>>> print(open('upload_3.pdb').read())   # PDB, C-alpha atoms
ATOM      1  CA  MET A  88     144.113 -42.159 -43.994
ATOM      2  CA  SER A  89     142.013 -42.578 -40.899
ATOM      3  CA  THR A  90     139.091 -40.252 -41.403
ATOM      4  CA  ASN A  91     136.407 -39.621 -38.819
ATOM      5  CA  LEU A  92     133.094 -38.039 -39.775
ATOM      6  CA  SER A  93     131.387 -38.292 -36.388
ATOM      7  CA  ALA A  94     130.552 -34.575 -36.507
ATOM      8  CA  LYS A  95     128.569 -35.188 -39.710
ATOM      9  CA  LEU A  96     126.482 -38.113 -38.443
ATOM     10  CA  ARG A  97     122.853 -37.168 -37.760
ATOM     11  CA  THR A  98     123.262 -33.816 -39.560
ATOM     12  CA  GLY A  99     122.249 -34.817 -43.088
ATOM     13  CA  LEU A 100     118.963 -35.169 -44.896
ATOM     14  CA  LYS A 101     117.033 -38.422 -44.949
ATOM     15  CA  PRO A 102     116.735 -39.850 -48.484
ATOM     16  CA  GLN A 103     113.056 -38.865 -48.806
ATOM     17  CA  GLN A 104     113.820 -35.338 -47.558
ATOM     18  CA  PHE A 105     116.438 -35.028 -50.298
ATOM     19  CA  ILE A 106     114.039 -36.265 -52.976
ATOM     20  CA  ASP A 107     111.233 -33.990 -51.771
ATOM     21  CA  GLY A 108     113.562 -30.987 -51.721
ATOM     22  CA  MET A 109     115.049 -31.480 -55.172
ATOM     23  CA  THR A 110     114.785 -28.381 -57.374
ATOM     24  CA  LYS A 111     116.515 -29.996 -60.365
ATOM     25  CA  ASN A 112     116.152 -33.425 -61.987
ATOM     26  CA  GLN A 113     113.572 -34.702 -59.482
ATOM     27  CA  GLU A 114     111.402 -36.361 -62.124
ATOM     28  CA  LYS A 115     114.332 -38.262 -63.668
ATOM     29  CA  PHE A 116     115.685 -39.214 -60.219
ATOM     30  CA  VAL A 117     112.307 -40.675 -59.213
ATOM     31  CA  GLU A 118     112.050 -42.424 -62.593
ATOM     32  CA  TRP A 119     115.387 -44.232 -61.981
ATOM     33  CA  TYR A 120     114.343 -44.929 -58.382
ATOM     34  CA  ASP A 121     111.043 -46.468 -59.458
ATOM     35  CA  ALA A 122     112.747 -48.494 -62.200
ATOM     36  CA  PHE A 123     115.008 -50.308 -59.730
ATOM     37  CA  SER A 124     114.526 -54.039 -59.290
ATOM     38  CA  TRP A 125     116.595 -56.770 -57.715
ATOM     39  CA  GLU A 126     118.174 -58.747 -60.556
ATOM     40  CA  ASN A 127     119.829 -61.176 -58.163
ATOM     41  CA  GLU A 128     118.047 -62.655 -55.141
ATOM     42  CA  ASP A 129     121.409 -63.259 -53.427
ATOM     43  CA  ASP A 130     122.119 -59.516 -53.562
ATOM     44  CA  LYS A 131     118.723 -58.713 -52.042
ATOM     45  CA  GLU A 132     119.304 -61.262 -49.260
ATOM     46  CA  PHE A 133     122.764 -59.815 -48.605
ATOM     47  CA  PHE A 134     121.416 -56.279 -48.148
ATOM     48  CA  ASP A 135     118.515 -57.575 -46.042
ATOM     49  CA  SER A 136     121.025 -59.425 -43.843
ATOM     50  CA  LEU A 137     122.751 -56.156 -42.951
ATOM     51  CA  ASN A 138     119.861 -55.546 -40.534
ATOM     52  CA  ASN A 139     121.857 -57.724 -38.133
ATOM     53  CA  ARG A 140     124.606 -55.081 -38.050
ATOM     54  CA  ASP A 141     123.993 -51.964 -36.014
ATOM     55  CA  ASP A 142     127.544 -50.677 -36.472
ATOM     56  CA  LEU A 143     127.196 -49.181 -39.953
ATOM     57  CA  ARG A 144     126.211 -45.680 -41.085
ATOM     58  CA  CYS A 145     126.059 -44.214 -44.598
ATOM     59  CA  LEU A 146     126.661 -40.625 -45.679
ATOM     60  CA  ILE A 147     126.159 -39.715 -49.347
ATOM     61  CA  LEU A 148     127.847 -36.568 -50.597
ATOM     62  CA  MET A 149     125.775 -35.278 -53.522
ATOM     63  CA  ALA A 150     123.684 -32.551 -55.183
ATOM     64  CA  ASP A 151     120.542 -32.586 -57.331
ATOM     65  CA  TRP A 152     122.196 -30.843 -60.308
ATOM     66  CA  CYS A 153     124.611 -33.733 -60.956
ATOM     67  CA  GLY A 154     123.782 -36.255 -63.671
ATOM     68  CA  ASP A 155     125.754 -39.034 -61.969
ATOM     69  CA  VAL A 156     123.784 -38.439 -58.755
ATOM     70  CA  VAL A 157     120.499 -38.630 -60.655
ATOM     71  CA  ARG A 158     121.545 -41.862 -62.345
ATOM     72  CA  ASN A 159     123.411 -43.658 -59.529
ATOM     73  CA  VAL A 160     121.935 -42.642 -56.181
ATOM     74  CA  PRO A 161     118.458 -44.096 -56.807
ATOM     75  CA  ALA A 162     120.092 -47.549 -56.994
ATOM     76  CA  VAL A 163     122.098 -46.814 -53.831
ATOM     77  CA  PHE A 164     118.971 -45.662 -51.969
ATOM     78  CA  ARG A 165     117.034 -48.744 -53.076
ATOM     79  CA  ALA A 166     119.832 -51.192 -52.243
ATOM     80  CA  LEU A 167     120.173 -49.746 -48.740
ATOM     81  CA  GLU A 168     116.439 -49.339 -47.988
ATOM     82  CA  ASN A 169     115.994 -52.695 -46.293
ATOM     83  CA  SER A 170     119.517 -52.900 -44.894
ATOM     84  CA  GLY A 171     118.803 -51.105 -41.640
ATOM     85  CA  ILE A 172     121.817 -48.862 -42.295
ATOM     86  CA  PRO A 173     120.958 -45.238 -41.470
ATOM     87  CA  VAL A 174     121.451 -43.218 -44.671
ATOM     88  CA  GLU A 175     121.983 -39.460 -44.727
ATOM     89  CA  VAL A 176     122.567 -37.035 -47.588
ATOM     90  CA  LEU A 177     125.188 -34.316 -47.320
ATOM     91  CA  ILE A 178     124.782 -31.612 -49.968
ATOM     92  CA  LYS A 179     128.180 -31.133 -51.614
ATOM     93  CA  GLU A 180     128.173 -27.340 -51.489
ATOM     94  CA  GLU A 181     127.320 -27.349 -47.778
ATOM     95  CA  HIS A 182     130.143 -29.754 -46.860
ATOM     96  CA  PRO A 183     133.333 -28.666 -48.678
ATOM     97  CA  ASP A 184     135.388 -30.150 -45.835
ATOM     98  CA  VAL A 185     134.002 -33.621 -46.572
ATOM     99  CA  MET A 186     134.345 -33.157 -50.335
ATOM    100  CA  ALA A 187     138.015 -32.255 -49.862
ATOM    101  CA  GLN A 188     138.603 -35.624 -48.173
ATOM    102  CA  PHE A 189     137.026 -37.676 -50.982
ATOM    103  CA  LEU A 190     138.472 -36.322 -54.209
ATOM    104  CA  THR A 191     138.407 -38.505 -57.304
ATOM    105  CA  GLY A 192     141.642 -38.334 -59.256
ATOM    106  CA  GLY A 193     142.405 -35.053 -57.524
ATOM    107  CA  GLY A 194     139.056 -33.462 -58.436
ATOM    108  CA  GLU A 195     135.605 -33.080 -56.964
ATOM    109  CA  ALA A 196     133.136 -35.655 -58.278
ATOM    110  CA  ILE A 197     129.841 -36.830 -56.812
ATOM    111  CA  PRO A 198     128.112 -38.894 -55.604
ATOM    112  CA  ILE A 199     130.427 -40.281 -52.953
ATOM    113  CA  VAL A 200     128.803 -42.984 -50.808
ATOM    114  CA  ILE A 201     130.690 -43.163 -47.505
ATOM    115  CA  PHE A 202     130.292 -45.978 -45.002
ATOM    116  CA  THR A 203     131.345 -45.375 -41.398
ATOM    117  CA  ASP A 204     131.066 -47.269 -38.169
ATOM    118  CA  PHE A 205     128.717 -46.023 -35.442
ATOM    119  CA  SER A 206     131.360 -43.588 -34.183
ATOM    120  CA  GLY A 207     132.057 -42.034 -37.580
ATOM    121  CA  HIS A 208     135.295 -43.795 -38.549
ATOM    122  CA  VAL A 209     135.293 -44.200 -42.321
ATOM    123  CA  LEU A 210     135.344 -47.852 -43.348
ATOM    124  CA  GLY A 211     135.181 -47.310 -47.100
ATOM    125  CA  HIS A 212     133.526 -45.373 -49.890
ATOM    126  CA  TRP A 213     132.094 -45.815 -53.374
ATOM    127  CA  GLY A 214     131.637 -43.422 -56.237
ATOM    128  CA  PRO A 215     131.175 -41.350 -58.168
ATOM    129  CA  ARG A 216     130.339 -43.932 -60.829
ATOM    130  CA  PRO A 217     130.491 -47.682 -61.471
ATOM    131  CA  GLU A 218     134.125 -48.698 -62.043
ATOM    132  CA  LYS A 219     133.696 -49.386 -65.768
ATOM    133  CA  VAL A 220     132.149 -45.946 -66.342
ATOM    134  CA  GLN A 221     134.715 -44.180 -64.128
ATOM    135  CA  ALA A 222     137.525 -45.850 -66.079
ATOM    136  CA  VAL A 223     136.536 -43.753 -69.118
ATOM    137  CA  MET A 224     136.932 -40.509 -67.143
ATOM    138  CA  ASN A 225     140.174 -41.702 -65.557
ATOM    139  CA  GLN A 226     141.630 -42.401 -69.000
ATOM    140  CA  PHE A 227     140.408 -39.055 -70.330
ATOM    141  CA  LYS A 228     142.038 -37.133 -67.459
ATOM    142  CA  LYS A 229     145.286 -39.063 -67.887
ATOM    143  CA  GLU A 230     145.386 -38.194 -71.599
ATOM    144  CA  ASN A 231     144.129 -34.604 -71.167
ATOM    145  CA  PRO A 232     145.715 -33.056 -68.074
ATOM    146  CA  ASP A 233     145.522 -29.473 -69.404
ATOM    147  CA  ARG A 234     141.998 -28.130 -68.876
ATOM    148  CA  GLN A 235     143.029 -24.985 -70.794
ATOM    149  CA  ALA A 236     143.922 -26.892 -73.967
ATOM    150  CA  PRO A 237     141.955 -25.609 -76.977
ATOM    151  CA  ASP A 238     140.407 -29.027 -77.684
ATOM    152  CA  TYR A 239     139.685 -29.952 -74.036
ATOM    153  CA  ASN A 240     135.928 -29.257 -74.168
ATOM    154  CA  GLU A 241     135.562 -31.149 -77.431
ATOM    155  CA  LYS A 242     137.423 -34.161 -76.031
ATOM    156  CA  ILE A 243     135.501 -34.223 -72.742
ATOM    157  CA  GLN A 244     132.237 -34.336 -74.697
ATOM    158  CA  VAL A 245     133.511 -37.457 -76.476
ATOM    159  CA  ALA A 246     134.457 -38.977 -73.095
ATOM    160  CA  ARG A 247     131.001 -38.180 -71.688
ATOM    161  CA  GLN A 248     129.356 -39.848 -74.687
ATOM    162  CA  GLU A 249     131.462 -42.946 -74.070
ATOM    163  CA  MET A 250     130.503 -42.890 -70.393
ATOM    164  CA  GLY A 251     126.861 -42.853 -71.503
ATOM    165  CA  ARG A 252     127.532 -45.909 -73.656
ATOM    166  CA  GLN A 253     129.175 -47.646 -70.695
ATOM    167  CA  TYR A 254     126.089 -47.001 -68.574
ATOM    168  CA  GLY A 255     124.062 -48.568 -71.374
ATOM    169  CA  GLU A 256     120.330 -48.477 -71.932
ATOM    170  CA  GLY A 257     117.888 -49.286 -69.183
ATOM    171  CA  THR A 258     118.709 -50.227 -65.616
ATOM    172  CA  GLY A 259     121.394 -52.890 -66.078
ATOM    173  CA  TYR A 260     124.010 -50.567 -64.587
ATOM    174  CA  GLN A 261     122.025 -50.547 -61.317
ATOM    175  CA  THR A 262     122.907 -54.218 -60.854
ATOM    176  CA  VAL A 263     126.580 -53.268 -61.266
ATOM    177  CA  ILE A 264     126.223 -50.613 -58.539
ATOM    178  CA  VAL A 265     124.562 -53.144 -56.229
ATOM    179  CA  LYS A 266     127.426 -55.603 -56.821
ATOM    180  CA  GLU A 267     130.092 -52.947 -56.202
ATOM    181  CA  LEU A 268     128.354 -51.826 -52.982
ATOM    182  CA  ARG A 269     128.003 -55.432 -51.874
ATOM    183  CA  ASP A 270     131.711 -56.087 -52.500
ATOM    184  CA  LEU A 271     132.615 -52.963 -50.522
ATOM    185  CA  LEU A 272     130.300 -53.771 -47.596
ATOM    186  CA  SER A 273     131.611 -57.347 -47.514
ATOM    187  CA  SER A 274     135.111 -56.011 -46.904
ATOM    188  CA  PHE A 275     134.347 -54.699 -43.408
TER     189      PHE A 275
END
>>> encode(input="upload_3.pdb", output="structure tokens")
Amino acid sequence: MSTNLSAKLRTGLKPQQFIDGMTKNQEKFVEWYDAFSWENEDDKEFFDSLNNRDDLRCLILMADWCGDVVRNVPAVFRALENSGIPVEVLIKEEHPDVMAQFLTGGGEAIPIVIFTDFSGHVLGHWGPRPEKVQAVMNQFKKENPDRQAPDYNEKIQVARQEMGRQYGEGTGYQTVIVKELRDLLSSF
């Protein structure tokens, strides 16, 4: 799939505009943002080295009501801060056309971090969660395809609890996000 998002470039919110405009979860988002630290100097140097590339752009499809956005995007923002890559936020509800192009297992899930070249051609994307955490949801959906099943809500709560365990306590998962973003960015 060769997707081009050139029409979306320079239309989104800057990261600080998004944070300032949050009406839900702002305090927790800022808490995760402030808690970020580079666990690996090589990772920090890699992201700093991206300043030599002027061909990359980043669009993040997200919304302030989403728990995965609140948990994951602060690490994405921090990792990309010194990279020189222009980062823009697209609010999910305002961009259903973009959401439709980046479904996760056939459904809408955010955040989706999309990297394009300077002309909007999509190079790759990450999200909505670190692979290990997403694997729990993938398995749940495989085992529970019928959303109308009487025990669906009960089972999804169990899956969400397991996803919380996979995230773990503290900020260790942020290092995983940084590694996954680094691996993705290294591929183009």
>>> closest_atom_pairs(input="upload_3.pdb", of="range 98-125 of chain A", to="range 259-274 of chain A", cutoff="10 Å", atoms="all atoms listed in the file", output="JSON lines")
{"residue": "A:Trp119", "atom": "CA", "partner": "A:Gln261", "partner_atom": "CA", "distance": 9.2}
{"residue": "A:Tyr120", "atom": "CA", "partner": "A:Gln261", "partner_atom": "CA", "distance": 10.0}
{"residue": "A:Ala122", "atom": "CA", "partner": "A:Gln261", "partner_atom": "CA", "distance": 9.5}
{"residue": "A:Phe123", "atom": "CA", "partner": "A:Gln261", "partner_atom": "CA", "distance": 7.2}
{"residue": "A:Ser124", "atom": "CA", "partner": "A:Gln261", "partner_atom": "CA", "distance": 8.5}
{"residue": "A:Trp125", "atom": "CA", "partner": "A:Thr262", "partner_atom": "CA", "distance": 7.5}
>>> axis_aligned_box(input="upload_3.pdb", around="range 246-261 of chain A", padding_each_side="8 Å", output="JSON")
{"center_x": 126.2, "center_y": -45.5, "center_z": -68.0, "size_x": 32.6, "size_y": 30.7, "size_z": 29.4}
>>> closest_atom_pairs(input="upload_3.pdb", of="range 179-262 of chain A", to="range 139-153 of chain A", cutoff="9 Å", atoms="only C-alpha atoms", output="Markdown table")
| residue | atom | partner | partner_atom | distance |
| --- | --- | --- | --- | --- |
| A:Lys179 | CA | A:Met149 | CA | 5.2 |
| A:Glu180 | CA | A:Ala150 | CA | 7.8 |
| A:His182 | CA | A:Leu148 | CA | 8.1 |
| A:Val185 | CA | A:Leu148 | CA | 7.9 |
| A:Met186 | CA | A:Leu148 | CA | 7.3 |
| A:Ala196 | CA | A:Met149 | CA | 8.8 |
| A:Ile197 | CA | A:Met149 | CA | 5.5 |
| A:Pro198 | CA | A:Met149 | CA | 4.8 |
| A:Ile199 | CA | A:Leu148 | CA | 5.1 |
| A:Val200 | CA | A:Ile147 | CA | 4.5 |
| A:Ile201 | CA | A:Leu146 | CA | 5.1 |
| A:Phe202 | CA | A:Cys145 | CA | 4.6 |
| A:Thr203 | CA | A:Arg144 | CA | 5.2 |
| A:Asp204 | CA | A:Leu143 | CA | 4.7 |
| A:Phe205 | CA | A:Asp142 | CA | 4.9 |
| A:Ser206 | CA | A:Asp142 | CA | 8.4 |
| A:Gly207 | CA | A:Arg144 | CA | 7.7 |
| A:Leu210 | CA | A:Leu143 | CA | 8.9 |
>>> atom_distance(input="upload_3.pdb", atom1="CA of Asp130 in chain A", atom2="CA of Phe164 in chain A")
14.3 Å
>>> residues_around(input="upload_3.pdb", residues="range 241-250 of chain A", least_positions_apart="4", cutoff="8 Å", atoms="only C-alpha atoms", output="PyMOL selection string")
chain A and resi 220-221+223-224+227+254
>>> resolve_selection(input="upload_3.pdb", expression="the PyMOL selection byres ((chain A and resi 134) around 8)", output="ChimeraX atom specification")
/A:130-133,135-138,166-167,169-170,269
>>> closest_residue(input="upload_3.pdb", among="A:Pro183, A:Pro161, A:Asp155, A:Pro215", to="Gln103 in chain A", atoms="all atoms listed in the file")
A:Pro161
>>> atom_distance(input="upload_3.pdb", atom1="CA of Lys228 in chain A", atom2="CA of Gly211 in chain A")
23.8 Å
>>> closest_residue(input="upload_3.pdb", among="A:Thr258, A:Asp184, A:Arg234, A:Phe116", to="Lys95 in chain A", atoms="only C-alpha atoms")
A:Asp184
>>> residues_around(input="upload_3.pdb", residues="Gln104 in chain A", least_positions_apart="4", cutoff="10 Å", atoms="only C-alpha atoms", output="list in words")
Gly99, Leu100, Gly108, Met109, Glu175 and Val176 of chain A
>>> atom_distance(input="upload_3.pdb", atom1="CA of Leu96 in chain A", atom2="CA of Asn112 in chain A")
26.1 Å
>>> closest_residue(input="upload_3.pdb", among="A:Asn225, A:Ser93, A:Thr191, A:Gln253", to="His212 in chain A", atoms="only C-alpha atoms")
A:Thr191
>>> closest_residue(input="upload_3.pdb", among="A:Val209, A:Ile172, A:Leu190, A:Ala222", to="Phe275 in chain A", atoms="only C-alpha atoms")
A:Val209
>>> decode(input="upload_3.pdb", residues="range 91-154 of chain A", atoms="C-alpha atoms", output="compact mmCIF listing (two decimals), in the first residue's frame")
# COMPACT_ATOMS: atom_id res chain seq x y z
CA ASN A 91 0.44 9.59 0.63
CA LEU A 92 -0.53 12.02 3.38
CA SER A 93 0.82 15.19 1.80
CA ALA A 94 -2.55 16.90 2.28
CA LYS A 95 -2.22 16.34 6.04
CA LEU A 96 1.30 17.74 6.44
CA ARG A 97 1.36 21.16 8.12
CA THR A 98 -2.31 20.85 9.17
CA GLY A 99 -1.90 19.25 12.59
CA LEU A 100 -1.22 20.56 16.06
CA LYS A 101 2.29 20.97 17.41
CA PRO A 102 2.94 18.70 20.42
CA GLN A 103 2.76 21.58 22.91
CA GLN A 104 -0.49 22.83 21.34
CA PHE A 105 -1.97 19.36 21.86
CA ILE A 106 -0.84 19.23 25.49
CA ASP A 107 -2.11 22.74 26.20
CA GLY A 108 -5.48 21.95 24.62
CA MET A 109 -6.09 18.67 26.42
CA THR A 110 -9.46 18.55 28.20
CA LYS A 111 -8.96 15.01 29.53
CA ASN A 112 -5.97 13.28 31.14
CA GLN A 113 -3.64 16.28 30.82
CA GLU A 114 -2.16 15.86 34.29
CA LYS A 115 -1.34 12.17 33.75
CA PHE A 116 0.01 12.86 30.24
CA VAL A 117 2.38 15.53 31.60
CA GLU A 118 3.36 13.22 34.47
CA TRP A 119 4.46 10.51 31.98
CA TYR A 120 6.14 13.17 29.83
CA ASP A 121 8.11 14.55 32.77
CA ALA A 122 9.06 11.04 33.93
CA PHE A 123 10.81 10.22 30.66
CA SER A 124 14.56 9.68 30.74
CA TRP A 125 17.04 8.19 28.31
CA GLU A 126 17.94 4.74 29.63
CA ASN A 127 20.40 4.13 26.81
CA GLU A 128 22.87 6.77 25.60
CA ASP A 129 23.06 5.05 22.19
CA ASP A 130 19.32 5.60 21.73
CA LYS A 131 19.64 9.29 22.61
CA GLU A 132 22.54 9.68 20.16
CA PHE A 133 20.54 7.90 17.45
CA PHE A 134 17.58 10.28 17.81
CA ASP A 135 19.92 13.28 18.00
CA SER A 136 21.59 12.10 14.78
CA LEU A 137 18.30 12.33 12.90
CA ASN A 138 18.89 16.10 12.78
CA ASN A 139 21.03 15.32 9.73
CA ARG A 140 17.93 14.12 7.87
CA ASP A 141 15.55 16.73 6.55
CA ASP A 142 13.43 14.20 4.67
CA LEU A 143 11.33 12.90 7.56
CA ARG A 144 7.98 14.06 8.94
CA CYS A 145 5.85 12.59 11.74
CA LEU A 146 2.07 12.62 12.09
CA ILE A 147 0.52 11.15 15.24
CA LEU A 148 -3.12 10.13 15.07
CA MET A 149 -4.52 10.39 18.60
CA ALA A 150 -7.01 11.84 21.11
CA ASP A 151 -6.74 12.94 24.74
CA TRP A 152 -9.41 10.51 25.99
CA CYS A 153 -7.35 7.42 25.10
CA GLY A 154 -5.36 5.68 27.83
